[in-house]
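Student: Contents of entry.tsv (TSV, C-alpha atoms):
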```
chain	number	residue	atom	x	y	z
A	1	GLN	CA	0.00	0.00	0.00
A	2	LYS	CA	1.35	3.39	-0.97
A	3	GLU	CA	1.83	5.88	1.83
A	4	VAL	CA	-0.06	8.62	0.02
A	5	GLU	CA	-2.46	7.86	-2.81
A	6	GLN	CA	-4.04	10.16	-5.34
A	7	ASN	CA	-5.92	9.61	-8.57
A	8	SER	CA	-3.44	10.44	-11.29
A	9	GLY	CA	-6.12	11.91	-13.52
A	10	PRO	CA	-6.22	13.70	-15.75
A	11	LEU	CA	-9.13	15.52	-14.17
A	12	SER	CA	-10.83	17.88	-16.58
A	13	VAL	CA	-13.33	20.56	-15.53
A	14	PRO	CA	-14.84	23.50	-17.37
A	15	GLU	CA	-13.89	27.03	-16.44
A	16	GLY	CA	-15.92	28.29	-13.48
A	17	ALA	CA	-16.67	24.81	-12.14
A	18	ILE	CA	-15.52	23.29	-8.85
A	19	ALA	CA	-12.52	20.96	-9.08
A	20	SER	CA	-12.33	18.29	-6.40
A	21	LEU	CA	-9.02	16.57	-5.69
A	22	ASN	CA	-8.74	13.65	-3.30
A	23	CYS	CA	-5.98	12.02	-1.32
A	24	THR	CA	-5.75	9.14	1.14
A	25	TYR	CA	-2.87	8.23	3.42
A	26	SER	CA	-1.92	5.02	5.15
A	27	ASP	CA	-0.18	6.09	8.38
A	28	ARG	CA	-2.57	7.06	11.19
A	29	GLY	CA	0.32	8.91	12.81
A	30	SER	CA	0.26	11.48	10.04
A	31	GLN	CA	-0.04	14.91	11.56
A	32	SER	CA	0.37	17.59	8.93
A	33	PHE	CA	-1.19	17.70	5.48
A	34	PHE	CA	-0.31	19.85	2.51
A	35	TRP	CA	-1.36	20.56	-1.03
A	36	TYR	CA	1.23	21.68	-3.54
A	37	ARG	CA	0.66	22.88	-7.08
A	38	GLN	CA	3.25	22.10	-9.73
A	39	TYR	CA	3.16	23.61	-13.18
A	40	SER	CA	4.95	21.73	-15.92
A	41	GLY	CA	8.68	22.30	-15.69
A	42	LYS	CA	8.39	24.22	-12.42
A	43	SER	CA	8.89	23.45	-8.75
A	44	PRO	CA	6.12	22.52	-6.30
A	45	GLU	CA	4.40	25.54	-4.77
A	46	LEU	CA	2.64	25.29	-1.42
A	47	ILE	CA	-1.00	26.35	-1.68
A	48	MET	CA	-2.67	24.90	1.42
A	49	SER	CA	-1.76	23.31	4.73
A	50	ILE	CA	-4.17	21.73	7.22
A	51	TYR	CA	-3.53	20.18	10.62
A	52	SER	CA	-6.89	19.47	12.23
A	53	ASN	CA	-10.13	17.85	11.15
A	54	GLY	CA	-12.55	19.98	9.21
A	55	ASP	CA	-12.35	22.59	6.51
A	56	LYS	CA	-9.83	25.33	5.91
A	57	GLU	CA	-10.57	27.99	3.34
A	58	ASP	CA	-8.16	30.34	1.58
A	59	GLY	CA	-9.63	32.32	-1.29
A	60	ARG	CA	-10.91	29.91	-3.94
A	61	PHE	CA	-9.24	26.95	-2.22
A	62	THR	CA	-10.71	24.77	0.53
A	63	ALA	CA	-8.83	21.92	2.15
A	64	GLN	CA	-10.79	19.26	3.99
A	65	LEU	CA	-9.32	16.78	6.45
A	66	ASN	CA	-10.91	13.67	7.95
A	67	LYS	CA	-8.37	11.83	10.08
A	68	ALA	CA	-10.76	9.01	10.97
A	69	SER	CA	-11.10	8.19	7.27
A	70	GLN	CA	-7.46	9.10	6.56
A	71	TYR	CA	-8.66	11.36	3.82
A	72	VAL	CA	-7.74	14.86	2.72
A	73	SER	CA	-9.19	16.78	-0.20
A	74	LEU	CA	-8.78	20.06	-2.02
A	75	LEU	CA	-11.64	21.97	-3.60
A	76	ILE	CA	-10.97	24.70	-6.12
A	77	ARG	CA	-13.97	26.96	-6.70
A	78	ASP	CA	-14.47	29.01	-9.85
A	79	SER	CA	-11.71	27.06	-11.59
A	80	GLN	CA	-9.59	29.05	-14.02
A	81	PRO	CA	-7.41	27.86	-16.92
A	82	SER	CA	-4.45	29.10	-14.87
A	83	ASP	CA	-5.29	26.41	-12.28
A	84	SER	CA	-4.29	23.74	-14.80
A	85	ALA	CA	-1.38	21.97	-13.14
A	86	THR	CA	-0.47	18.85	-11.20
A	87	TYR	CA	-1.62	18.93	-7.57
A	88	LEU	CA	0.49	17.04	-5.06
A	89	CYS	CA	-0.81	15.83	-1.72
A	90	ALA	CA	1.82	15.51	1.02
A	91	VAL	CA	1.80	14.34	4.64
A	92	THR	CA	4.26	14.36	7.51
A	93	LEU	CA	4.36	12.43	10.77
A	94	VAL	CA	4.46	14.23	14.10
A	95	GLY	CA	8.01	14.44	15.34
A	96	LYS	CA	9.45	13.76	11.93
A	97	GLY	CA	10.50	16.20	9.30
A	98	ASP	CA	10.17	14.05	6.23
A	99	MET	CA	7.30	14.70	3.89
A	100	ARG	CA	5.72	11.95	1.81
A	101	PHE	CA	4.15	12.91	-1.48
A	102	GLY	CA	1.43	11.33	-3.55
A	103	ALA	CA	2.00	10.84	-7.25
A	104	GLY	CA	-0.11	13.90	-8.04
A	105	THR	CA	-3.37	14.58	-9.87
A	106	ARG	CA	-3.17	16.40	-13.15
A	107	LEU	CA	-5.94	19.00	-13.46
A	108	THR	CA	-7.00	20.63	-16.73
A	109	VAL	CA	-9.43	23.54	-16.68
A	110	LYS	CA	-10.97	24.09	-20.10
A	111	PRO	CA	-12.03	27.60	-21.18
B	112	ASP	CA	15.07	37.87	-3.47
B	113	THR	CA	14.81	34.17	-4.28
B	114	ALA	CA	13.92	32.23	-1.13
B	115	VAL	CA	15.45	28.90	-2.14
B	116	SER	CA	17.93	28.89	-5.00
B	117	GLN	CA	19.76	26.09	-6.78
B	118	THR	CA	22.64	25.97	-9.23
B	119	PRO	CA	22.96	24.88	-11.90
B	120	LYS	CA	19.50	24.79	-13.44
B	121	TYR	CA	20.61	22.25	-16.03
B	122	LEU	CA	23.41	19.73	-15.77
B	123	VAL	CA	24.40	17.42	-18.62
B	124	THR	CA	27.25	15.02	-17.99
B	125	GLN	CA	28.71	11.66	-18.91
B	126	MET	CA	28.32	8.42	-17.03
B	127	GLY	CA	30.98	7.92	-14.39
B	128	ASN	CA	31.54	11.61	-13.72
B	129	ASP	CA	31.24	13.28	-10.33
B	130	LYS	CA	29.03	16.37	-10.00
B	131	SER	CA	27.60	18.70	-7.39
B	132	ILE	CA	24.41	20.71	-7.11
B	133	LYS	CA	24.31	23.70	-4.80
B	134	CYS	CA	21.38	24.94	-2.74
B	135	GLU	CA	20.96	28.07	-0.66
B	136	GLN	CA	18.00	29.39	1.33
B	137	ASN	CA	17.57	32.89	2.74
B	138	LEU	CA	14.44	32.14	4.76
B	139	GLY	CA	16.29	31.53	8.02
B	140	HIS	CA	14.95	27.97	8.13
B	141	ASP	CA	16.63	25.32	10.24
B	142	THR	CA	16.07	22.30	8.00
B	143	MET	CA	16.89	21.67	4.35
B	144	TYR	CA	16.02	18.77	2.07
B	145	TRP	CA	16.86	17.15	-1.23
B	146	TYR	CA	14.18	15.50	-3.36
B	147	LYS	CA	14.36	13.54	-6.59
B	148	GLN	CA	11.57	13.75	-9.15
B	149	ASP	CA	11.75	11.01	-11.73
B	150	SER	CA	10.34	10.85	-15.24
B	151	LYS	CA	6.95	9.79	-13.86
B	152	LYS	CA	6.93	12.98	-11.80
B	153	PHE	CA	6.99	11.13	-8.48
B	154	LEU	CA	8.66	13.27	-5.83
B	155	LYS	CA	10.73	11.33	-3.33
B	156	ILE	CA	12.77	12.63	-0.42
B	157	MET	CA	16.46	11.79	-0.39
B	158	PHE	CA	17.95	13.67	2.55
B	159	SER	CA	17.28	16.31	5.12
B	160	TYR	CA	19.65	18.27	7.34
B	161	ASN	CA	18.83	19.97	10.61
B	162	ASN	CA	21.51	21.97	12.42
B	163	LYS	CA	24.23	20.23	10.46
B	164	GLU	CA	22.86	16.87	11.44
B	165	LEU	CA	21.49	14.34	8.98
B	166	ILE	CA	18.09	13.37	10.31
B	167	ILE	CA	16.65	11.50	7.37
B	168	ASN	CA	18.55	9.29	5.02
B	169	GLU	CA	16.36	7.38	2.64
B	170	THR	CA	17.65	4.30	0.87
B	171	VAL	CA	19.63	6.17	-1.72
B	172	PRO	CA	22.94	4.91	-3.09
B	173	ASN	CA	25.97	6.02	-1.12
B	174	ARG	CA	27.18	7.69	-4.32
B	175	PHE	CA	24.92	10.54	-3.19
B	176	SER	CA	26.11	12.61	-0.27
B	177	PRO	CA	24.70	15.82	1.17
B	178	LYS	CA	27.08	18.42	2.55
B	179	SER	CA	26.04	21.42	4.60
B	180	PRO	CA	28.70	24.08	5.19
B	181	ASP	CA	26.20	26.12	7.21
B	182	LYS	CA	22.51	26.35	8.02
B	183	ALA	CA	21.69	28.21	4.81
B	184	HIS	CA	23.33	25.76	2.42
B	185	LEU	CA	22.86	22.10	1.57
B	186	ASN	CA	24.79	20.83	-1.42
B	187	LEU	CA	24.34	17.48	-3.10
B	188	HIS	CA	27.38	15.57	-4.33
B	189	ILE	CA	26.98	12.67	-6.71
B	190	ASN	CA	29.84	10.31	-7.53
B	191	SER	CA	30.11	7.90	-10.45
B	192	LEU	CA	26.95	9.10	-12.17
B	193	GLU	CA	24.70	6.48	-13.74
B	194	LEU	CA	22.01	6.72	-16.43
B	195	GLY	CA	19.33	6.14	-13.79
B	196	ASP	CA	20.37	9.25	-11.94
B	197	SER	CA	18.82	11.37	-14.67
B	198	ALA	CA	15.98	13.29	-13.01
B	199	VAL	CA	15.04	16.67	-11.62
B	200	TYR	CA	16.50	17.34	-8.18
B	201	PHE	CA	14.75	19.79	-5.90
B	202	CYS	CA	16.11	21.43	-2.80
B	203	ALA	CA	13.63	22.57	-0.12
B	204	SER	CA	13.70	24.16	3.30
B	205	SER	CA	11.42	24.46	6.31
B	206	GLN	CA	11.37	25.71	9.88
B	207	VAL	CA	10.93	22.59	11.96
B	208	GLY	CA	11.77	24.14	15.32
B	209	THR	CA	11.88	22.54	18.75
B	210	SER	CA	8.29	22.94	19.92
B	211	GLY	CA	7.49	19.31	19.30
B	212	LYS	CA	4.88	20.22	16.73
B	213	PHE	CA	6.26	19.86	13.25
B	214	TYR	CA	4.13	21.95	10.96
B	215	ASN	CA	6.87	21.71	8.42
B	216	GLU	CA	5.71	23.82	5.51
B	217	GLN	CA	8.42	23.19	2.97
B	218	PHE	CA	9.44	25.64	0.27
B	219	PHE	CA	11.11	24.39	-2.87
B	220	GLY	CA	13.88	25.67	-5.07
B	221	PRO	CA	13.50	25.85	-8.87
B	222	GLY	CA	15.07	22.44	-9.46
B	223	THR	CA	18.11	21.10	-11.30
B	224	ARG	CA	17.52	18.92	-14.33
B	225	LEU	CA	20.31	16.34	-14.42
B	226	THR	CA	20.88	14.39	-17.63
B	227	VAL	CA	23.40	11.59	-17.64
B	228	LEU	CA	24.54	10.46	-21.10
```
Can you give me the file's structure in the form of structure tokens?
Tutor:
Amino acid sequence: QKEVEQNSGPLSVPEGAIASLNCTYSDRGSQSFFWYRQYSGKSPELIMSIYSNGDKEDGRFTAQLNKASQYVSLLIRDSQPSDSATYLCAVTLVGKGDMRFGAGTRLTVKP
Amino acid sequence: DTAVSQTPKYLVTQMGNDKSIKCEQNLGHDTMYWYKQDSKKFLKIMFSYNNKELIINETVPNRFSPKSPDKAHLNLHINSLELGDSAVYFCASSQVGTSGKFYNEQFFGPGTRLTVL
């Protein structure tokens, strides 16, 4: 079982729609959860972090965490073509610095 | 005012050579990392350094060695390069701290694309 699993996609949504990206993790000791966006040929860019159960909103982005289900998601409202990228889910264990990444979900927003 | 910088951006070399990639961060962070992203875009941690101490060492070949002259720098040395080493290498940094809670938001450099011929 992979430590962090994501659907590889591609996920395609029309402009203005809500994009929903999902991620599951295997280690119940996971403490911190992150979403990174990576444009082709660029480095990962941190867009959201979440540490406790529930929702966290930042502009058009909402991260949702459910530790009981070992599930974290990212919602992108009013999707724009500029949101087209690969989204990486990452988790870290409490007391440890290493971050484990999922394989990423490729999102395409069509005008 | 680049937060995390890497040099070179591209590195093309022959099999068997030895090469280094440099990384510097000006964020004042206490921990730095090296990641490898392969052709399938999977990002995997290789090393991290905290206060000049190696705290994570994944199962990478011992041909790879991180060297940290100070808290702001973590260089990656690779000996006897092989074809399979071709990938993009990312440096990252974070402020782990000593509070016992590791929020660990990591910030990445622009990457170094290594091609071994």
Student: For the atom pair CA of Val72 (chain A) and CA of Gly102 (chain A), what is the interatomic distance in Å to one decimal place?
Tutor: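 Between these atoms lies a distance of 11.7 Å.
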Student: Give the residues of chain A that lie within 10 Å of chain B; count all atoms listed in the file, and format the answer as number ranges by chain.
Tutor: A: 31-34, 36, 40-46, 48-51, 86, 88, 90-104
Student: Quick one: write out the picked residues with C-alpha atoms as a short mmCIF file (atom, residue, chain, number, x, y, z; two decimals), keeping the file's coordinate frame?
Tutor:
```
data_model
loop_
_atom_site.label_atom_id
_atom_site.label_comp_id
_atom_site.auth_asym_id
_atom_site.auth_seq_id
_atom_site.Cartn_x
_atom_site.Cartn_y
_atom_site.Cartn_z
CA GLN A 31 -0.04 14.91 11.56
CA SER A 32 0.37 17.59 8.93
CA PHE A 33 -1.19 17.70 5.48
CA PHE A 34 -0.31 19.85 2.51
CA TYR A 36 1.23 21.68 -3.54
CA SER A 40 4.95 21.73 -15.92
CA GLY A 41 8.68 22.30 -15.69
CA LYS A 42 8.39 24.22 -12.42
CA SER A 43 8.89 23.45 -8.75
CA PRO A 44 6.12 22.52 -6.30
CA GLU A 45 4.40 25.54 -4.77
CA LEU A 46 2.64 25.29 -1.42
CA MET A 48 -2.67 24.90 1.42
CA SER A 49 -1.76 23.31 4.73
CA ILE A 50 -4.17 21.73 7.22
CA TYR A 51 -3.53 20.18 10.62
CA THR A 86 -0.47 18.85 -11.20
CA LEU A 88 0.49 17.04 -5.06
CA ALA A 90 1.82 15.51 1.02
CA VAL A 91 1.80 14.34 4.64
CA THR A 92 4.26 14.36 7.51
CA LEU A 93 4.36 12.43 10.77
CA VAL A 94 4.46 14.23 14.10
CA GLY A 95 8.01 14.44 15.34
CA LYS A 96 9.45 13.76 11.93
CA GLY A 97 10.50 16.20 9.30
CA ASP A 98 10.17 14.05 6.23
CA MET A 99 7.30 14.70 3.89
CA ARG A 100 5.72 11.95 1.81
CA PHE A 101 4.15 12.91 -1.48
CA GLY A 102 1.43 11.33 -3.55
CA ALA A 103 2.00 10.84 -7.25
CA GLY A 104 -0.11 13.90 -8.04
#
```
Student: By how many Å are CA of Phe61 (chain A) and CA of Gln117 (chain B) apart?
Tutor: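 Computed distance, CA of Phe61 (chain A) to CA of Gln117 (chain B), equals 29.4 Å.
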